[in-house]
Structures are given as structure tokens and as C-alpha cells.
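> Below are the C-alpha cells for one structure; questions will follow.
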Amino acid sequence: MRHKLRYLGHRLYTTWATFWFIVPFVLTYPVQWYFSRRPDGGRVVHAINRFWSWLSITMWGVPVEVVRESQGPNPQPCVYVANHGSYIDIMMLFKYIPGFLNMMGKASLAKVPVWGSIFGRVYITVDRASAVSRGRAMVAARRNLAEGKSIAIFAEGRISPTPGKELLPFLDGAFQMAIEAGVPIVPVGMPLNHMFMPDVEKGLRVRYHRLKIVFHPPIPTAGLTLADIPELKARVSAQLAADFLPEGAVKPGPSTWRAPSAVAPSEQG
């Protein structure tokens, strides 16, 4: 009986979380659509996205631990370098990084139905397989930093298949743009997002689980050169890996109404 109740609880909570993810976007979509097409509308769209993220995370009802290791606000502009373990990573950054934040994300985000076109107009997208796309993204990022706008980027380039346990090798882009612009890097660790919404191949999996976000002290890049990128990547990677917690070492498995002994091996884990 316990596993049947747990299965029902998973289904109900998934419905609740999905409702509070979709409805705020649907209600604000006309305004986002309008301002995303205006040259000066990016800040309005981002403000709406921050509100959307705040409302969704609040209504999910999960406790969120926010750790800021340095006193006072982070320098502006800067490059936030975060690990990537879940689809809610962007929402966490939107909610807990104050002010306007430009996001650099993979080009496929711009192809997501309805929301993707807005993301593609307001934020920076990059196809890492294309040298032309990478070049355009770097130019856009440098322009934003020169205008005093901070950039957030997932240095792994994609969601890690083993979030909370192992980071993918970091790409150079975030570190190159920070060094060339002479702005600090702020490492951001999110070790438990995948426990709430893991990346799975089929369907949607949501589990009630506490969240945590860690803002490490800014790392100055003034005086560094591109030759310092490997050491800088290793430093940031070590900091973010140190944020991992034992409870996040294994992604939550699928729920089933059957007793655990009756679950096929392919459905476990």
C-alpha cells in the first residue's frame, strides 16, 4: 500500500508543479511576445521571467538554501559560471541573481515551441558545433559585458548525465569572454536541482526535494591571459564539484504502482 500511495503522491505533485510552471507563462506570454520584439524590451521580458521563476519555485513549496560566500553584492558586470544538472537551472539563476541577466544557452532552446522564440530574441544562443555561431555569440556577450550587463553560462555546455556526482569537462567560452572583458567570474553551484527535476529521456519526472544554490566569491581575471584558461577552469570546476552532496549522488528513479520486488530491472534506478 505504501508504494501505491507514494506513486499517487508523485503523480499529484508532478501535476501541481507542472501547473505552476505552465500557467504563469501562459498568462504573461502576450506581454513577453510583444516586448521580445522591441529593441529595448529585453529588460521587461527578463523581469517577467524573474517573476515567473519566483512564483513557480514558491508554489512548488520546496525549501531553498541560498549560500552567498562573499559579503555584499557581486561586481557588475561579471560572468556567472554554473553547473548544469536540470531544466530548472535557468529558473534558479533568474530568481536568485538580481537585476538584468543575459543568459547564454544552446541554440536548441530557441527551437522550443512557443517559449523558444522569446528566449532566442532576448538572450544569447549558440550552436557549439558551428564556428560562425560561436563567434556571433562571443561578440554578443562582449557587447553585453561592455554595456555593464552580466552573463550567465553553463560551462559544461549541456546537462551532465551524472549531475550531483560528476561534472562534464568545462568548455573555454565563459573563461575566454571573462578574461578578454577583464570582468570577474562568479562560480555558482546548484547541487540538488536534478533531485527535483532530473533530465530523463521519456516523460517528465518531478520529485519534492529541497534545493540549494551556492554563490562563490568572485574570481578576478584582470591581468590573466588565454594561457590561464586551463588553470581557471580547474579552479572553478573544483569549487562546483565541492558543492555536491551525498543525497544528490543518484538521480531519483521512476515511480511505479507495483511493489519494488515486482519492478523490472529496466525500470529501476
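Identifiers for the C-alpha cells are assigned positionally: chains receive A, B, ... in sequence, residues are indexed from 1 per chain, and ligands are indexed from 1 in the order shown.
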Name the residues in contact with A:Leu211 at a cut-off of 8 Å, using only C-alpha atoms, excluding same-chain residues fewer than 5 positions from it; report them as number ranges by chain.

A: 62-65, 190-193, 196

> Just to be explicit: take each residue in the selection above, keep C-alpha atoms, and write the result as a PDB file, in the first residue's frame.


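Contents of the output file out-v3.pdb:
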```pdb
ATOM      1  CA  VAL A  62      10.311  23.275  -1.697  1.00  0.00           C
ATOM      2  CA  PRO A  63      12.804  24.807   0.755  1.00  0.00           C
ATOM      3  CA  VAL A  64      15.701  26.573  -0.965  1.00  0.00           C
ATOM      4  CA  GLU A  65      19.020  27.164   0.772  1.00  0.00           C
ATOM      5  CA  MET A 190      23.411  24.033  -7.811  1.00  0.00           C
ATOM      6  CA  PRO A 191      23.932  20.514  -6.441  1.00  0.00           C
ATOM      7  CA  LEU A 192      20.328  19.375  -5.958  1.00  0.00           C
ATOM      8  CA  ASN A 193      18.226  20.679  -8.867  1.00  0.00           C
ATOM      9  CA  PHE A 196      13.664  17.893  -8.090  1.00  0.00           C
TER      10      PHE A 196
END
```

> Counting only C-alpha atoms, what is within 8 Å of stretch 151-166 of chain A, bar same-chain residues fewer than 3 positions away, as a PyMOL selection string?

chain A and resi 77-86+101-106+141+144-145+169-174+191-192+194+199+241+244-245+248-251

> Would you kindly return, as an mmCIF file with N, CA, C and O atoms, in the first residue's frame, each protein, DNA or RNA residue with an atom no farther than 8 Å from any atom of A:Pro187, considering only C-alpha atoms and excluding same-chain residues fewer than 6 positions away?


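Result file follows (result25.cif):
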```cif
data_model
loop_
_atom_site.group_PDB
_atom_site.id
_atom_site.type_symbol
_atom_site.label_atom_id
_atom_site.label_comp_id
_atom_site.auth_asym_id
_atom_site.auth_seq_id
_atom_site.Cartn_x
_atom_site.Cartn_y
_atom_site.Cartn_z
ATOM 1 N N TYR A 80 28.754 34.713 -14.603
ATOM 2 C CA TYR A 80 28.353 33.642 -13.690
ATOM 3 C C TYR A 80 28.566 32.311 -14.401
ATOM 4 O O TYR A 80 28.039 32.088 -15.495
ATOM 5 N N VAL A 81 29.340 31.437 -13.786
ATOM 6 C CA VAL A 81 29.615 30.116 -14.352
ATOM 7 C C VAL A 81 28.963 29.072 -13.452
ATOM 8 O O VAL A 81 29.345 28.932 -12.284
ATOM 9 N N ALA A 82 27.976 28.367 -13.982
ATOM 10 C CA ALA A 82 27.196 27.420 -13.173
ATOM 11 C C ALA A 82 27.301 26.007 -13.736
ATOM 12 O O ALA A 82 27.547 25.807 -14.933
ATOM 13 N N PHE A 215 26.672 30.738 -4.192
ATOM 14 C CA PHE A 215 27.414 31.767 -4.918
ATOM 15 C C PHE A 215 28.798 31.886 -4.284
ATOM 16 O O PHE A 215 28.938 32.357 -3.151
ATOM 17 N N HIS A 216 29.802 31.446 -5.009
ATOM 18 C CA HIS A 216 31.171 31.523 -4.511
ATOM 19 C C HIS A 216 31.732 32.926 -4.704
ATOM 20 O O HIS A 216 31.211 33.706 -5.513
ATOM 21 N N PRO A 217 32.784 33.276 -3.992
ATOM 22 C CA PRO A 217 33.383 34.608 -4.154
ATOM 23 C C PRO A 217 33.847 34.844 -5.584
ATOM 24 O O PRO A 217 34.300 33.910 -6.263
ATOM 25 N N PRO A 218 33.753 36.084 -6.045
ATOM 26 C CA PRO A 218 34.200 36.398 -7.409
ATOM 27 C C PRO A 218 35.697 36.111 -7.581
ATOM 28 O O PRO A 218 36.496 36.312 -6.663
ATOM 29 N N VAL A 236 37.540 26.573 -10.947
ATOM 30 C CA VAL A 236 36.086 26.692 -10.854
ATOM 31 C C VAL A 236 35.437 25.309 -10.786
ATOM 32 O O VAL A 236 34.505 25.077 -10.005
ATOM 33 N N GLN A 239 35.655 23.954 -7.315
ATOM 34 C CA GLN A 239 34.719 24.614 -6.396
ATOM 35 C C GLN A 239 33.306 24.064 -6.557
ATOM 36 O O GLN A 239 32.622 23.785 -5.564
ATOM 37 N N LEU A 240 32.864 23.904 -7.801
ATOM 38 C CA LEU A 240 31.499 23.436 -8.027
ATOM 39 C C LEU A 240 31.348 21.962 -7.666
ATOM 40 O O LEU A 240 30.297 21.551 -7.155
#
```

> Run DSSP on the backbone and grab whatever in stretch 40-219 of chain A lands in alpha helix (DSSP H); send it over as a ChimeraX atom specification.

/A:42-60,89-96,115-122,131-146,173-181,193-196

> Calculated over only C-alpha atoms, which of the candidates A:Pro198, A:Gly203, A:Pro252, A:Gly182 has the smallest distance to A:Ile219?

A:Gly182

> What does the distance between atom CA of A:Pro39 and atom CA of A:Lys149 come to in Å, to one decimal place?

15.6 Å

> Pick out the residues sitting within 7 Å of stretch 52-57 of chain A, and hand them over as a VMD selection string; count only C-alpha atoms, and ignore anything fewer than 3 positions along from it in its own chain.

chain A and resid 20 to 21 24 to 25 48 to 49 60 to 61 91 94 to 95

> Would you please work out which residue, of A:Gln176, A:Ile90, A:Phe51, A:Arg143, is nearest to A:Ala227 when using only C-alpha atoms?

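With only C-alpha atoms as the atom set, the closest residue is A:Gln176.
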
> Would you tabulate, counting only C-alpha atoms, all residues of stretch 24-81 of chain A that have an atom at most 9 Å from an atom of stretch 115-120 of chain A, showing the closest pair of atoms and their distance in Å to one decimal, sorted by chain then ascending number, as CSV?


```
residue,atom,partner,partner_atom,distance
A:Phe25,CA,A:Trp115,CA,8.5
A:Tyr29,CA,A:Trp115,CA,8.3
A:Gln32,CA,A:Ile118,CA,7.2
A:Trp33,CA,A:Ile118,CA,6.5
A:Ser36,CA,A:Ile118,CA,5.9
A:Arg37,CA,A:Ile118,CA,8.3
A:Val45,CA,A:Ile118,CA,8.5
```

> As a PDB file with all heavy atoms, in the first residue's frame, please: the residues near A:Ala107 (cut-off 6 Å, only C-alpha atoms, same-chain neighbours under 3 positions excluded).


```
ATOM      1  N   ALA A 110      16.155  27.908 -28.563  1.00  0.00           N
ATOM      2  CA  ALA A 110      15.368  28.824 -29.392  1.00  0.00           C
ATOM      3  C   ALA A 110      14.352  28.087 -30.249  1.00  0.00           C
ATOM      4  O   ALA A 110      13.472  28.717 -30.848  1.00  0.00           O
ATOM      5  CB  ALA A 110      16.287  29.661 -30.273  1.00  0.00           C
ATOM      6  N   THR A 125      22.023  32.781 -27.870  1.00  0.00           N
ATOM      7  CA  THR A 125      22.037  31.348 -28.171  1.00  0.00           C
ATOM      8  C   THR A 125      23.281  31.020 -28.993  1.00  0.00           C
ATOM      9  O   THR A 125      23.785  31.855 -29.749  1.00  0.00           O
ATOM     10  CB  THR A 125      20.777  30.921 -28.948  1.00  0.00           C
ATOM     11  OG1 THR A 125      20.708  31.653 -30.187  1.00  0.00           O
ATOM     12  CG2 THR A 125      19.526  31.196 -28.123  1.00  0.00           C
ATOM     13  N   VAL A 126      23.760  29.791 -28.832  1.00  0.00           N
ATOM     14  CA  VAL A 126      24.967  29.400 -29.540  1.00  0.00           C
ATOM     15  C   VAL A 126      24.874  27.935 -29.953  1.00  0.00           C
ATOM     16  O   VAL A 126      24.460  27.080 -29.166  1.00  0.00           O
ATOM     17  CB  VAL A 126      26.227  29.639 -28.674  1.00  0.00           C
ATOM     18  CG1 VAL A 126      26.112  28.920 -27.335  1.00  0.00           C
ATOM     19  CG2 VAL A 126      27.495  29.206 -29.404  1.00  0.00           C
ATOM     20  N   ASP A 127      25.226  27.678 -31.189  1.00  0.00           N
ATOM     21  CA  ASP A 127      25.384  26.316 -31.690  1.00  0.00           C
ATOM     22  C   ASP A 127      26.876  26.008 -31.616  1.00  0.00           C
ATOM     23  O   ASP A 127      27.668  26.479 -32.426  1.00  0.00           O
ATOM     24  CB  ASP A 127      24.877  26.208 -33.127  1.00  0.00           C
ATOM     25  CG  ASP A 127      25.055  24.815 -33.711  1.00  0.00           C
ATOM     26  OD1 ASP A 127      25.577  23.926 -32.996  1.00  0.00           O
ATOM     27  OD2 ASP A 127      24.676  24.618 -34.881  1.00  0.00           O
TER      28      ASP A 127
END
```

> Out of A:Thr225, A:Ser237, A:Val206, A:Val139, which residue has the shortest atom-to-atom distance to A:Thr15 when counting only C-alpha atoms?

A:Val206
